[in-house]
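Structure file model28.cif with mmCIF, C-alpha atoms:
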data_target
loop_
_atom_site.label_atom_id
_atom_site.label_comp_id
_atom_site.auth_asym_id
_atom_site.auth_seq_id
_atom_site.Cartn_x
_atom_site.Cartn_y
_atom_site.Cartn_z
CA MET A 1 -8.44 -14.74 4.93
CA ASN A 2 -6.99 -11.29 5.45
CA LEU A 3 -3.41 -10.24 4.81
CA ARG A 4 -2.37 -10.44 8.48
CA GLU A 5 -3.31 -14.10 8.71
CA ARG A 6 -1.68 -14.92 5.43
CA LEU A 7 1.64 -13.52 6.61
CA LYS A 8 1.79 -15.83 9.61
CA LEU A 9 4.44 -18.18 8.29
CA TYR A 10 6.29 -16.53 5.45
CA VAL A 11 8.99 -18.78 4.04
CA ILE A 12 11.77 -17.45 1.82
CA THR A 13 13.65 -19.53 -0.74
CA ASP A 14 17.42 -19.86 -0.67
CA ARG A 15 19.17 -21.84 -3.39
CA ARG A 16 22.22 -22.27 -1.15
CA LEU A 17 20.03 -24.43 1.12
CA ILE A 18 17.68 -26.15 -1.29
CA ASN A 19 16.26 -25.89 -4.80
CA GLU A 20 13.56 -23.19 -4.73
CA ILE A 21 10.73 -25.33 -6.07
CA THR A 22 11.32 -28.36 -3.82
CA GLY A 23 11.78 -26.09 -0.83
CA ALA A 24 8.62 -24.15 -1.55
CA ARG A 25 6.55 -27.30 -2.08
CA GLU A 26 7.64 -28.88 1.18
CA ALA A 27 7.21 -25.66 3.14
CA LEU A 28 3.69 -25.33 1.74
CA GLU A 29 2.92 -28.93 2.65
CA GLY A 30 4.02 -28.07 6.16
CA GLY A 31 1.67 -25.10 6.29
CA ALA A 32 3.59 -22.05 5.07
CA THR A 33 1.05 -19.27 4.43
CA ALA A 34 3.30 -17.35 2.04
CA ILE A 35 6.38 -18.06 -0.07
CA GLN A 36 8.87 -15.48 -1.20
CA LEU A 37 11.06 -16.24 -4.19
CA ARG A 38 14.45 -14.79 -3.41
CA ILE A 39 16.75 -15.56 -6.29
CA LYS A 40 19.86 -13.80 -7.53
CA ASN A 41 22.73 -14.36 -9.92
CA THR A 42 20.78 -16.19 -12.54
CA SER A 43 19.00 -15.15 -15.73
CA THR A 44 15.67 -13.36 -15.75
CA ARG A 45 14.32 -16.22 -17.87
CA GLU A 46 15.18 -18.77 -15.18
CA MET A 47 13.76 -16.57 -12.43
CA ILE A 48 10.47 -16.42 -14.33
CA GLU A 49 10.40 -20.17 -14.95
CA VAL A 50 11.06 -20.98 -11.30
CA GLY A 51 8.62 -18.29 -10.17
CA LYS A 52 5.81 -19.63 -12.33
CA LYS A 53 6.16 -23.05 -10.76
CA ILE A 54 6.07 -21.63 -7.24
CA ARG A 55 3.10 -19.42 -8.22
CA LYS A 56 1.25 -22.58 -9.19
CA LEU A 57 2.19 -24.36 -5.96
CA CYS A 58 1.02 -21.38 -3.89
CA ASP A 59 -2.30 -21.45 -5.74
CA ASP A 60 -2.67 -25.13 -4.97
CA PHE A 61 -2.12 -24.49 -1.27
CA GLY A 62 -3.97 -21.18 -1.04
CA ALA A 63 -0.77 -19.38 -0.06
CA LEU A 64 0.49 -15.97 -1.11
CA PHE A 65 3.36 -15.74 -3.56
CA PHE A 66 5.88 -12.91 -3.28
CA VAL A 67 8.97 -12.06 -5.29
CA ASN A 68 11.97 -10.40 -3.69
CA ASP A 69 13.28 -7.20 -5.32
CA ARG A 70 12.38 -7.97 -8.96
CA LEU A 71 9.19 -6.28 -10.11
CA ASP A 72 9.70 -7.65 -13.63
CA VAL A 73 9.68 -11.21 -12.29
CA ALA A 74 6.70 -10.46 -10.04
CA LEU A 75 4.69 -9.17 -13.02
CA ALA A 76 5.76 -11.99 -15.32
CA THR A 77 4.79 -14.68 -12.81
CA ASN A 78 1.55 -13.05 -11.71
CA ALA A 79 2.81 -12.87 -8.13
CA ASP A 80 0.55 -11.59 -5.36
CA GLY A 81 3.22 -9.21 -4.24
CA ILE A 82 6.78 -8.01 -4.12
CA HIS A 83 9.14 -7.38 -1.26
CA VAL A 84 11.57 -4.49 -1.51
CA GLY A 85 14.50 -3.43 0.61
CA LYS A 86 16.58 -0.27 0.75
CA GLU A 87 18.59 -1.22 -2.34
CA ASP A 88 15.55 -2.13 -4.41
CA MET A 89 12.87 -0.10 -6.18
CA PRO A 90 11.30 2.48 -3.82
CA VAL A 91 7.85 1.49 -2.52
CA TYR A 92 6.03 4.47 -4.05
CA MET A 93 7.43 3.58 -7.47
CA VAL A 94 6.27 -0.03 -7.21
CA ARG A 95 2.82 1.24 -6.24
CA GLU A 96 2.72 3.53 -9.28
CA ILE A 97 3.87 0.88 -11.76
CA ALA A 98 1.94 -2.07 -10.33
CA PRO A 99 -1.00 -0.78 -8.28
CA ASN A 100 -2.47 -4.27 -7.88
CA LEU A 101 0.52 -5.85 -6.18
CA ILE A 102 0.90 -6.27 -2.43
CA VAL A 103 4.09 -4.44 -1.49
CA GLY A 104 6.22 -5.37 1.49
CA ALA A 105 9.09 -3.21 2.63
CA SER A 106 12.06 -3.90 4.86
CA ALA A 107 12.50 -1.71 7.93
CA ARG A 108 15.15 -1.70 10.64
CA ASN A 109 13.52 0.88 12.86
CA PRO A 110 10.19 2.67 13.42
CA GLN A 111 11.19 5.59 11.19
CA GLU A 112 11.83 3.37 8.19
CA ALA A 113 8.61 1.48 8.90
CA LYS A 114 6.55 4.67 9.03
CA ASP A 115 8.19 5.96 5.88
CA ALA A 116 7.35 2.72 4.03
CA GLU A 117 3.76 2.85 5.27
CA LYS A 118 3.46 6.43 4.05
CA GLN A 119 4.78 5.41 0.62
CA GLY A 120 2.03 2.82 0.40
CA ALA A 121 3.57 -0.41 1.68
CA HIS A 122 1.05 -3.09 2.69
CA TYR A 123 3.27 -4.80 5.22
CA ILE A 124 6.65 -4.39 6.89
CA GLY A 125 9.43 -6.94 7.04
CA ALA A 126 11.13 -5.92 10.27
CA GLY A 127 14.61 -6.96 11.27
CA SER A 128 17.02 -8.50 11.27
CA VAL A 129 15.67 -9.41 14.72
CA PHE A 130 18.59 -11.73 15.50
CA PRO A 131 21.94 -12.32 13.82
CA THR A 132 21.42 -14.42 10.71
CA VAL A 133 23.51 -16.66 8.53
CA SER A 134 21.38 -15.92 5.44
CA LYS A 135 22.48 -12.28 5.27
CA ASP A 136 25.70 -11.75 7.14
CA ASP A 137 25.76 -7.97 6.74
CA ALA A 138 22.31 -7.48 8.29
CA ILE A 139 21.85 -4.97 11.10
CA VAL A 140 20.46 -6.64 14.24
CA THR A 141 17.50 -4.81 15.74
CA GLY A 142 16.55 -7.06 18.67
CA LEU A 143 13.11 -7.66 20.18
CA GLU A 144 12.62 -4.25 21.75
CA THR A 145 13.04 -2.37 18.44
CA LEU A 146 10.76 -4.95 16.86
CA ARG A 147 8.09 -4.07 19.41
CA LEU A 148 8.52 -0.37 18.64
CA ILE A 149 8.19 -1.03 14.91
CA VAL A 150 4.94 -2.93 15.51
CA GLU A 151 3.59 0.02 17.51
CA SER A 152 4.69 2.58 14.93
CA VAL A 153 2.56 1.40 12.00
CA SER A 154 -0.96 0.19 11.38
CA ILE A 155 -0.05 -2.23 8.59
CA PRO A 156 0.97 -5.84 9.35
CA VAL A 157 4.52 -6.54 10.50
CA VAL A 158 6.47 -9.70 9.76
CA ALA A 159 9.63 -10.28 11.76
CA ILE A 160 12.71 -11.50 9.90
CA GLY A 161 16.26 -12.52 10.69
CA GLY A 162 17.57 -15.48 12.66
CA ILE A 163 14.13 -16.68 13.68
CA ASN A 164 13.95 -20.37 14.59
CA HIS A 165 11.85 -22.79 16.62
CA SER A 166 13.49 -21.76 19.89
CA ASN A 167 12.96 -18.02 19.60
CA VAL A 168 9.78 -17.70 17.52
CA ARG A 169 7.64 -17.65 20.64
CA GLU A 170 9.26 -14.53 22.08
CA VAL A 171 9.20 -12.95 18.63
CA MET A 172 5.43 -13.45 18.34
CA LYS A 173 4.97 -11.85 21.77
CA THR A 174 6.15 -8.51 20.38
CA GLY A 175 2.87 -8.30 18.51
CA VAL A 176 4.06 -9.13 15.01
CA ASP A 177 1.60 -10.77 12.65
CA GLY A 178 3.99 -13.40 11.48
CA VAL A 179 7.57 -14.45 10.92
CA ALA A 180 9.67 -14.71 7.81
CA VAL A 181 11.99 -17.68 7.91
CA ILE A 182 14.80 -18.92 5.72
CA SER A 183 17.29 -21.34 7.29
CA ALA A 184 15.19 -22.72 10.16
CA ILE A 185 12.86 -24.16 7.52
CA MET A 186 14.68 -24.27 4.17
CA GLY A 187 17.82 -25.56 5.87
CA ALA A 188 16.00 -28.24 7.88
CA LYS A 189 16.46 -31.92 7.11
CA ASP A 190 12.67 -32.29 7.05
CA ILE A 191 11.33 -29.00 5.67
CA ARG A 192 7.69 -30.08 5.94
CA LYS A 193 8.07 -30.98 9.62
CA ALA A 194 10.07 -27.82 10.36
CA ALA A 195 7.30 -25.68 8.84
CA ARG A 196 4.52 -27.57 10.58
CA GLU A 197 6.18 -27.34 13.97
CA MET A 198 6.87 -23.65 13.59
CA LEU A 199 3.28 -23.00 12.61
CA LEU A 200 2.10 -24.85 15.71
CA ILE A 201 4.23 -22.62 17.96
CA ILE A 202 3.01 -19.49 16.17
CA GLU A 203 -0.64 -20.44 16.41
CA ARG A 204 -0.34 -21.26 20.07
CA ASP A 205 0.55 -17.63 20.63
CA ILE A 206 -2.04 -15.73 18.64
CA MET B 207 11.87 10.48 -37.08
CA ASN B 208 10.85 6.85 -37.48
CA LEU B 209 12.26 3.91 -35.53
CA ARG B 210 14.62 2.83 -38.32
CA GLU B 211 16.38 6.17 -38.35
CA ARG B 212 16.57 6.31 -34.59
CA LEU B 213 18.37 2.98 -34.46
CA LYS B 214 21.18 4.16 -36.72
CA LEU B 215 23.82 4.52 -34.03
CA TYR B 216 22.81 2.57 -30.96
CA VAL B 217 25.39 2.83 -28.21
CA ILE B 218 25.43 0.42 -25.25
CA THR B 219 26.90 1.26 -21.85
CA ASP B 220 29.60 -0.86 -20.26
CA ARG B 221 30.82 0.00 -16.78
CA ARG B 222 34.03 -1.92 -17.41
CA LEU B 223 34.92 0.71 -20.02
CA ILE B 224 33.44 3.89 -18.59
CA ASN B 225 30.85 5.15 -16.12
CA GLU B 226 27.44 4.75 -17.76
CA ILE B 227 26.36 8.39 -17.43
CA THR B 228 29.58 9.96 -18.71
CA GLY B 229 29.73 7.44 -21.52
CA ALA B 230 26.13 8.06 -22.54
CA ARG B 231 26.54 11.84 -22.44
CA GLU B 232 29.62 11.84 -24.64
CA ALA B 233 28.15 9.32 -27.08
CA LEU B 234 25.04 11.50 -27.39
CA GLU B 235 27.17 14.60 -27.95
CA GLY B 236 28.85 12.67 -30.75
CA GLY B 237 25.50 11.86 -32.34
CA ALA B 238 24.33 8.53 -30.93
CA THR B 239 20.67 8.09 -31.87
CA ALA B 240 19.92 5.61 -29.09
CA ILE B 241 21.49 4.58 -25.79
CA GLN B 242 21.03 1.22 -24.12
CA LEU B 243 21.67 0.92 -20.40
CA ARG B 244 23.33 -2.44 -19.90
CA ILE B 245 24.10 -2.82 -16.22
CA LYS B 246 24.51 -5.90 -14.07
CA ASN B 247 25.74 -6.88 -10.64
CA THR B 248 24.48 -3.83 -8.83
CA SER B 249 21.33 -3.01 -6.91
CA THR B 250 18.02 -2.29 -8.59
CA ARG B 251 18.02 1.06 -6.81
CA GLU B 252 21.31 2.05 -8.44
CA MET B 253 20.17 0.81 -11.86
CA ILE B 254 17.12 3.06 -11.58
CA GLU B 255 19.15 6.07 -10.46
CA VAL B 256 21.63 5.69 -13.31
CA GLY B 257 18.83 4.97 -15.77
CA LYS B 258 16.90 8.10 -14.84
CA LYS B 259 19.95 10.25 -15.54
CA ILE B 260 20.49 8.66 -18.95
CA ARG B 261 16.75 8.98 -19.68
CA LYS B 262 17.09 12.70 -19.11
CA LEU B 263 20.19 12.95 -21.31
CA CYS B 264 18.43 11.07 -24.11
CA ASP B 265 15.52 13.49 -23.86
CA ASP B 266 17.92 16.42 -24.13
CA PHE B 267 19.44 14.98 -27.29
CA GLY B 268 16.26 13.58 -28.81
CA ALA B 269 17.64 10.04 -28.62
CA LEU B 270 15.89 6.82 -27.67
CA PHE B 271 16.58 5.25 -24.31
CA PHE B 272 16.58 1.47 -23.95
CA VAL B 273 17.23 -0.79 -20.97
CA ASN B 274 18.83 -4.18 -21.39
CA ASP B 275 17.00 -7.19 -19.89
CA ARG B 276 15.36 -5.46 -16.90
CA LEU B 277 11.72 -4.57 -17.50
CA ASP B 278 11.42 -3.28 -13.94
CA VAL B 279 14.21 -0.76 -14.56
CA ALA B 280 12.74 0.17 -17.95
CA LEU B 281 9.35 0.91 -16.36
CA ALA B 282 10.84 2.77 -13.40
CA THR B 283 12.95 5.04 -15.62
CA ASN B 284 10.28 5.63 -18.24
CA ALA B 285 12.49 4.13 -20.93
CA ASP B 286 11.38 4.13 -24.55
CA GLY B 287 12.11 0.46 -24.79
CA ILE B 288 13.77 -2.69 -23.59
CA HIS B 289 16.13 -5.12 -25.23
CA VAL B 290 15.79 -8.79 -24.44
CA GLY B 291 17.95 -11.78 -25.25
CA LYS B 292 17.41 -15.51 -25.02
CA GLU B 293 18.02 -15.53 -21.26
CA ASP B 294 15.70 -12.61 -20.56
CA MET B 295 11.94 -12.22 -20.44
CA PRO B 296 10.29 -13.59 -23.62
CA VAL B 297 9.20 -10.88 -26.09
CA TYR B 298 5.49 -11.77 -25.95
CA MET B 299 5.52 -11.43 -22.17
CA VAL B 300 7.12 -7.98 -22.33
CA ARG B 301 4.48 -6.95 -24.87
CA GLU B 302 1.70 -8.15 -22.55
CA ILE B 303 3.06 -6.46 -19.43
CA ALA B 304 4.24 -3.23 -21.05
CA PRO B 305 2.38 -2.70 -24.32
CA ASN B 306 3.76 0.83 -24.75
CA LEU B 307 7.42 -0.10 -24.75
CA ILE B 308 9.52 -0.62 -27.86
CA VAL B 309 10.87 -4.17 -27.64
CA GLY B 310 14.10 -5.26 -29.25
CA ALA B 311 15.13 -8.90 -29.38
CA SER B 312 18.45 -10.58 -30.01
CA ALA B 313 18.66 -13.04 -32.89
CA ARG B 314 21.53 -15.13 -34.18
CA ASN B 315 19.80 -16.45 -37.29
CA PRO B 316 16.74 -15.82 -39.49
CA GLN B 317 14.61 -18.31 -37.54
CA GLU B 318 15.15 -16.53 -34.23
CA ALA B 319 14.52 -13.19 -35.92
CA LYS B 320 11.23 -14.36 -37.43
CA ASP B 321 10.18 -15.85 -34.12
CA ALA B 322 10.87 -12.57 -32.32
CA GLU B 323 8.95 -10.62 -34.97
CA LYS B 324 6.00 -12.98 -34.57
CA GLN B 325 6.06 -12.46 -30.80
CA GLY B 326 5.77 -8.73 -31.35
CA ALA B 327 9.35 -7.43 -31.32
CA HIS B 328 9.79 -3.97 -32.85
CA TYR B 329 13.40 -4.48 -33.91
CA ILE B 330 16.07 -7.16 -34.04
CA GLY B 331 19.55 -6.96 -32.57
CA ALA B 332 21.39 -9.34 -34.90
CA GLY B 333 24.73 -10.87 -34.11
CA SER B 334 27.29 -11.21 -32.88
CA VAL B 335 28.44 -10.23 -36.38
CA PHE B 336 32.12 -10.40 -35.46
CA PRO B 337 33.99 -11.78 -32.45
CA THR B 338 33.63 -9.34 -29.56
CA VAL B 339 35.49 -8.59 -26.38
CA SER B 340 32.32 -7.33 -24.65
CA LYS B 341 30.69 -10.76 -24.62
CA ASP B 342 33.25 -13.49 -24.99
CA ASP B 343 30.73 -16.34 -25.20
CA ALA B 344 28.86 -14.82 -28.13
CA ILE B 345 28.17 -16.90 -31.23
CA VAL B 346 29.63 -15.26 -34.35
CA THR B 347 27.18 -15.05 -37.25
CA GLY B 348 29.19 -13.23 -39.91
CA LEU B 349 27.97 -10.87 -42.62
CA GLU B 350 26.17 -13.42 -44.78
CA THR B 351 23.88 -14.56 -41.94
CA LEU B 352 23.32 -10.91 -41.08
CA ARG B 353 22.10 -10.31 -44.63
CA LEU B 354 19.76 -13.31 -44.36
CA ILE B 355 18.37 -11.98 -41.06
CA VAL B 356 17.68 -8.59 -42.68
CA GLU B 357 15.80 -10.34 -45.50
CA SER B 358 13.83 -12.56 -43.13
CA VAL B 359 11.92 -9.85 -41.24
CA SER B 360 10.12 -6.63 -41.99
CA ILE B 361 11.06 -4.90 -38.72
CA PRO B 362 14.30 -2.90 -38.41
CA VAL B 363 17.55 -4.78 -37.81
CA VAL B 364 20.49 -3.45 -35.83
CA ALA B 365 23.77 -5.31 -36.18
CA ILE B 366 25.75 -6.01 -33.01
CA GLY B 367 29.05 -7.56 -32.02
CA GLY B 368 32.59 -6.45 -32.76
CA ILE B 369 31.52 -3.55 -34.96
CA ASN B 370 34.10 -0.77 -35.28
CA HIS B 371 35.10 2.06 -37.60
CA SER B 372 36.92 -0.30 -39.96
CA ASN B 373 34.11 -2.77 -40.53
CA VAL B 374 30.94 -0.68 -40.07
CA ARG B 375 30.82 0.12 -43.79
CA GLU B 376 30.57 -3.52 -44.86
CA VAL B 377 28.06 -4.11 -42.06
CA MET B 378 25.79 -1.34 -43.33
CA LYS B 379 25.95 -2.83 -46.83
CA THR B 380 24.04 -5.90 -45.62
CA GLY B 381 20.96 -3.69 -45.38
CA VAL B 382 20.78 -3.25 -41.61
CA ASP B 383 19.19 -0.07 -40.31
CA GLY B 384 21.91 0.64 -37.81
CA VAL B 385 24.67 -0.70 -35.64
CA ALA B 386 24.90 -1.33 -31.92
CA VAL B 387 28.32 -0.52 -30.57
CA ILE B 388 30.00 -0.96 -27.21
CA SER B 389 33.81 -0.94 -27.17
CA ALA B 390 34.51 0.95 -30.42
CA ILE B 391 32.76 3.94 -28.82
CA MET B 392 32.60 3.45 -25.04
CA GLY B 393 36.19 2.19 -25.02
CA ALA B 394 37.54 5.05 -27.15
CA LYS B 395 39.81 7.71 -25.69
CA ASP B 396 37.54 10.36 -27.19
CA ILE B 397 34.01 8.92 -27.07
CA ARG B 398 32.43 11.96 -28.69
CA LYS B 399 34.78 11.81 -31.64
CA ALA B 400 34.42 8.02 -31.96
CA ALA B 401 30.63 8.38 -32.13
CA ARG B 402 30.74 11.28 -34.56
CA GLU B 403 33.12 9.51 -36.92
CA MET B 404 31.10 6.32 -36.86
CA LEU B 405 27.92 8.24 -37.63
CA LEU B 406 29.63 9.87 -40.61
CA ILE B 407 30.59 6.49 -42.04
CA ILE B 408 27.06 5.14 -41.46
CA GLU B 409 25.37 8.11 -43.08
CA ARG B 410 27.66 7.95 -46.08
CA ASP B 411 26.21 4.53 -46.79
CA ILE B 412 22.48 5.01 -46.43
#
Produce structure tokens that represent the structure in this file.
Amino acid sequence: MNLRERLKLYVITDRRLINEITGAREALEGGATAIQLRIKNTSTREMIEVGKKIRKLCDDFGALFFVNDRLDVALATNADGIHVGKEDMPVYMVREIAPNLIVGASARNPQEAKDAEKQGAHYIGAGSVFPTVSKDDAIVTGLETLRLIVESVSIPVVAIGGINHSNVREVMKTGVDGVAVISAIMGAKDIRKAAREMLLIIERDI
Amino acid sequence: MNLRERLKLYVITDRRLINEITGAREALEGGATAIQLRIKNTSTREMIEVGKKIRKLCDDFGALFFVNDRLDVALATNADGIHVGKEDMPVYMVREIAPNLIVGASARNPQEAKDAEKQGAHYIGAGSVFPTVSKDDAIVTGLETLRLIVESVSIPVVAIGGINHSNVREVMKTGVDGVAVISAIMGAKDIRKAAREMLLIIERDI
């Protein structure tokens, strides 16, 4: 399976919603194609322990495992990749230090997306498409900018920010390869079902 | 100069006392032989930017540059080494991922020191020798345990925790190779002078 297909349903952990390991397991059971460990305000040791467990789960389900921000944790857990934003390590530096990792980069507009691609990013996390509760200071790009980002680069684009079952269809129509989801899945009463249903909507459209 | 000598006066940054770069520069001017960047609660990007500046200063002064906890920041700034505690990445893992880095490990007793040495640590940070304001939850080991730690390993030992100009002499008498200092230097009105005077006391005793 190529990278584009494996970024179809990219689920991000959020301890405020559910324990990372339980959340990841249920999302994978529902069909998540990638999990990103996003964990802050705890020790590096705990991040590694949690990450190793999710790494194992992703192996079991044939899904990709990404770590947000922390290259040390990505290397220690043998992650497939790392996702970096503007406040994290620059993409070119990650590529130099860890040439075997898949590197995703956040972009809010076509210029940032092109810059990340030039630095060696393998995919773009574009958004925040809609307002989001997971990151209340996020800049909202909307669907039209998302479409422009998709057109601006040749690497895969994953949409992020406020994506849920009601809007994922119009998001996919912009040409993105997949969606990154936090609350609509990790905050669902039945995470497995929420993932499965979202995957069904996504697959109907590609 | 061998590692033992370069660990003689190991100064650790603390933003609560002074900006990391200014503090490091003045400590180096006063004769610090190593600087450790200890920085939390800010972005990885900022840690790397600050670290690169201190890396450069350490080069200028021929001092070693260490990063606390964060292997990603150590790799991105081309640090000489990393210091890890019980809540950080395990020593053996650091050695696997970054075989060229000097690895220091915290130990509170001879058993922890021996364990760290076995995992491949290059030096021990032993303490907290005295009660300390920099880390109020630290376990106090005292001078006798410090002596036992020194005897238990063949790698260099740096004492840490509550060390100041009044007690550094008795600390050095336990056989440690150097002292790690935060407040007695970074919290001094004249950091340069505080470092210089501490170095004089240390050198008088070895």
**Study point:** Expected selection from the PyMOL selection byres ((chain A and resi 127-139) around 7), given as an MDAnalysis selection string
**Key:** chainID A and resid 107:108 125:126 140:143 146 159:163
Export, as a short mmCIF file (atom, residue, chain, number, x, y, z; two decimals), in the coordinates of the input, the selected residues with C-alpha atoms.
data_model
loop_
_atom_site.label_atom_id
_atom_site.label_comp_id
_atom_site.auth_asym_id
_atom_site.auth_seq_id
_atom_site.Cartn_x
_atom_site.Cartn_y
_atom_site.Cartn_z
CA ALA A 107 12.50 -1.71 7.93
CA ARG A 108 15.15 -1.70 10.64
CA GLY A 125 9.43 -6.94 7.04
CA ALA A 126 11.13 -5.92 10.27
CA VAL A 140 20.46 -6.64 14.24
CA THR A 141 17.50 -4.81 15.74
CA GLY A 142 16.55 -7.06 18.67
CA LEU A 143 13.11 -7.66 20.18
CA LEU A 146 10.76 -4.95 16.86
CA ALA A 159 9.63 -10.28 11.76
CA ILE A 160 12.71 -11.50 9.90
CA GLY A 161 16.26 -12.52 10.69
CA GLY A 162 17.57 -15.48 12.66
CA ILE A 163 14.13 -16.68 13.68
#
Review point. How far is it from atom CA of Cys264 of chain B to atom CA of Tyr298 of chain B, in Å with one decimal?
Key: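 Atom CA of Tyr298 of chain B lies 26.3 Å from atom CA of Cys264 of chain B.
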Check your understanding: Between B:Glu235, B:Asp220, B:Glu211, B:Glu293, which one has atoms that come closest to Met392 of chain B, using all atoms listed in the file?
Key ->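 Of B:Glu235, B:Asp220, B:Glu211, B:Glu293, the one nearest Met392 of chain B is B:Asp220, counting all atoms listed in the file.
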Practice item. Check which residues satisfy the PyMOL selection byres ((chain B) within 12 of (chain A)) in the file shown, then give them as a PyMOL selection string. Key: chain B and resi 246-255+274-284+288+290-304
Check your understanding: Could you work out how far atom CA of Asp190 of chain A lies from atom CA of Leu64 of chain A, giving the answer in Å with one decimal?
Key ->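 Pair atom CA of Leu64 of chain A / atom CA of Asp190 of chain A returns 21.9 Å.
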Practice item. To one decimal in Å, tell me the separation between atom CA of Asn167 of chain A and atom CA of Val181 of chain A. Key: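 Atom-to-atom, atom CA of Asn167 of chain A and atom CA of Val181 of chain A are spaced 11.7 Å apart.
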Point to revise | Residues returned when the PyMOL selection byres ((chain A and resi 170) around 12) runs on this file, as number ranges by chain | key: A: 129-130, 142-144, 146-147, 159, 163-169, 171-176, 178-179, 201-202, 204-206
**Study point:** Within 9 Å of Ile155 of chain A using all atoms listed in the file, minus same-chain residues under 3 positions, as number ranges by chain
**Key:** A: 4, 117, 121-124, 150
Atoms to include: C-alpha atoms. Write the selected residues as an mmCIF file, in the coordinates of the input.
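Contents of the output file again08.cif:
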data_model
loop_
_atom_site.group_PDB
_atom_site.id
_atom_site.type_symbol
_atom_site.label_atom_id
_atom_site.label_comp_id
_atom_site.auth_asym_id
_atom_site.auth_seq_id
_atom_site.Cartn_x
_atom_site.Cartn_y
_atom_site.Cartn_z
ATOM 1 C CA ARG A 4 -2.370 -10.440 8.480
ATOM 2 C CA GLU A 117 3.760 2.850 5.270
ATOM 3 C CA ALA A 121 3.570 -0.410 1.680
ATOM 4 C CA HIS A 122 1.050 -3.090 2.690
ATOM 5 C CA TYR A 123 3.270 -4.800 5.220
ATOM 6 C CA ILE A 124 6.650 -4.390 6.890
ATOM 7 C CA VAL A 150 4.940 -2.930 15.510
#
Exercise for review: Could you tell me which of A:Ala194, A:Leu7, A:Ile12, A:Ala32 comes closest to Phe61 of chain A if we count all atoms listed in the file?
Suggested key: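 Result for the nearest residue to Phe61 of chain A: A:Ala32.
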Practice item. Within 6 Å of (3.8, -13.5, -5.4) (coordinates as in the file), grab all the protein and nucleic acid residues, counting only C-alpha atoms, and write them out as a PyMOL selection string. Key: chain A and resi 64-67+79-81
Generate the missing atoms of segment 101-113 of chain A up to N, CA and C atoms and report them as a PDB file, in the coordinates of the input.
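Output saved as rebuild_0.pdb:
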ATOM      1  N   LEU A 101      -0.337  -4.956  -6.963  1.00  0.00           N
ATOM      2  CA  LEU A 101       0.520  -5.850  -6.180  1.00  0.00           C
ATOM      3  C   LEU A 101       0.540  -5.468  -4.706  1.00  0.00           C
ATOM      4  N   ILE A 102       0.634  -6.492  -3.850  1.00  0.00           N
ATOM      5  CA  ILE A 102       0.900  -6.270  -2.430  1.00  0.00           C
ATOM      6  C   ILE A 102       2.385  -5.916  -2.328  1.00  0.00           C
ATOM      7  N   VAL A 103       2.694  -4.850  -1.611  1.00  0.00           N
ATOM      8  CA  VAL A 103       4.090  -4.440  -1.490  1.00  0.00           C
ATOM      9  C   VAL A 103       4.544  -4.521  -0.041  1.00  0.00           C
ATOM     10  N   GLY A 104       5.593  -5.296   0.183  1.00  0.00           N
ATOM     11  CA  GLY A 104       6.220  -5.370   1.490  1.00  0.00           C
ATOM     12  C   GLY A 104       7.515  -4.602   1.466  1.00  0.00           C
ATOM     13  N   ALA A 105       7.866  -3.990   2.589  1.00  0.00           N
ATOM     14  CA  ALA A 105       9.090  -3.210   2.630  1.00  0.00           C
ATOM     15  C   ALA A 105       9.889  -3.559   3.881  1.00  0.00           C
ATOM     16  N   SER A 106      11.183  -3.630   3.721  1.00  0.00           N
ATOM     17  CA  SER A 106      12.060  -3.900   4.860  1.00  0.00           C
ATOM     18  C   SER A 106      12.215  -2.642   5.705  1.00  0.00           C
ATOM     19  N   ALA A 107      12.244  -2.837   7.032  1.00  0.00           N
ATOM     20  CA  ALA A 107      12.500  -1.710   7.930  1.00  0.00           C
ATOM     21  C   ALA A 107      13.322  -2.190   9.105  1.00  0.00           C
ATOM     22  N   ARG A 108      14.264  -1.347   9.519  1.00  0.00           N
ATOM     23  CA  ARG A 108      15.150  -1.700  10.640  1.00  0.00           C
ATOM     24  C   ARG A 108      14.794  -0.930  11.895  1.00  0.00           C
ATOM     25  N   ASN A 109      13.901   0.049  11.719  1.00  0.00           N
ATOM     26  CA  ASN A 109      13.520   0.880  12.860  1.00  0.00           C
ATOM     27  C   ASN A 109      12.158   1.511  12.583  1.00  0.00           C
ATOM     28  N   PRO A 110      11.529   2.105  13.612  1.00  0.00           N
ATOM     29  CA  PRO A 110      10.190   2.670  13.420  1.00  0.00           C
ATOM     30  C   PRO A 110      10.146   3.747  12.336  1.00  0.00           C
ATOM     31  N   GLN A 111      11.207   4.538  12.206  1.00  0.00           N
ATOM     32  CA  GLN A 111      11.190   5.590  11.190  1.00  0.00           C
ATOM     33  C   GLN A 111      11.082   5.019   9.787  1.00  0.00           C
ATOM     34  N   GLU A 112      11.881   3.997   9.517  1.00  0.00           N
ATOM     35  CA  GLU A 112      11.830   3.370   8.190  1.00  0.00           C
ATOM     36  C   GLU A 112      10.465   2.703   7.964  1.00  0.00           C
ATOM     37  N   ALA A 113       9.913   2.139   9.027  1.00  0.00           N
ATOM     38  CA  ALA A 113       8.610   1.480   8.900  1.00  0.00           C
ATOM     39  C   ALA A 113       7.523   2.509   8.570  1.00  0.00           C
TER      40      ALA A 113
END
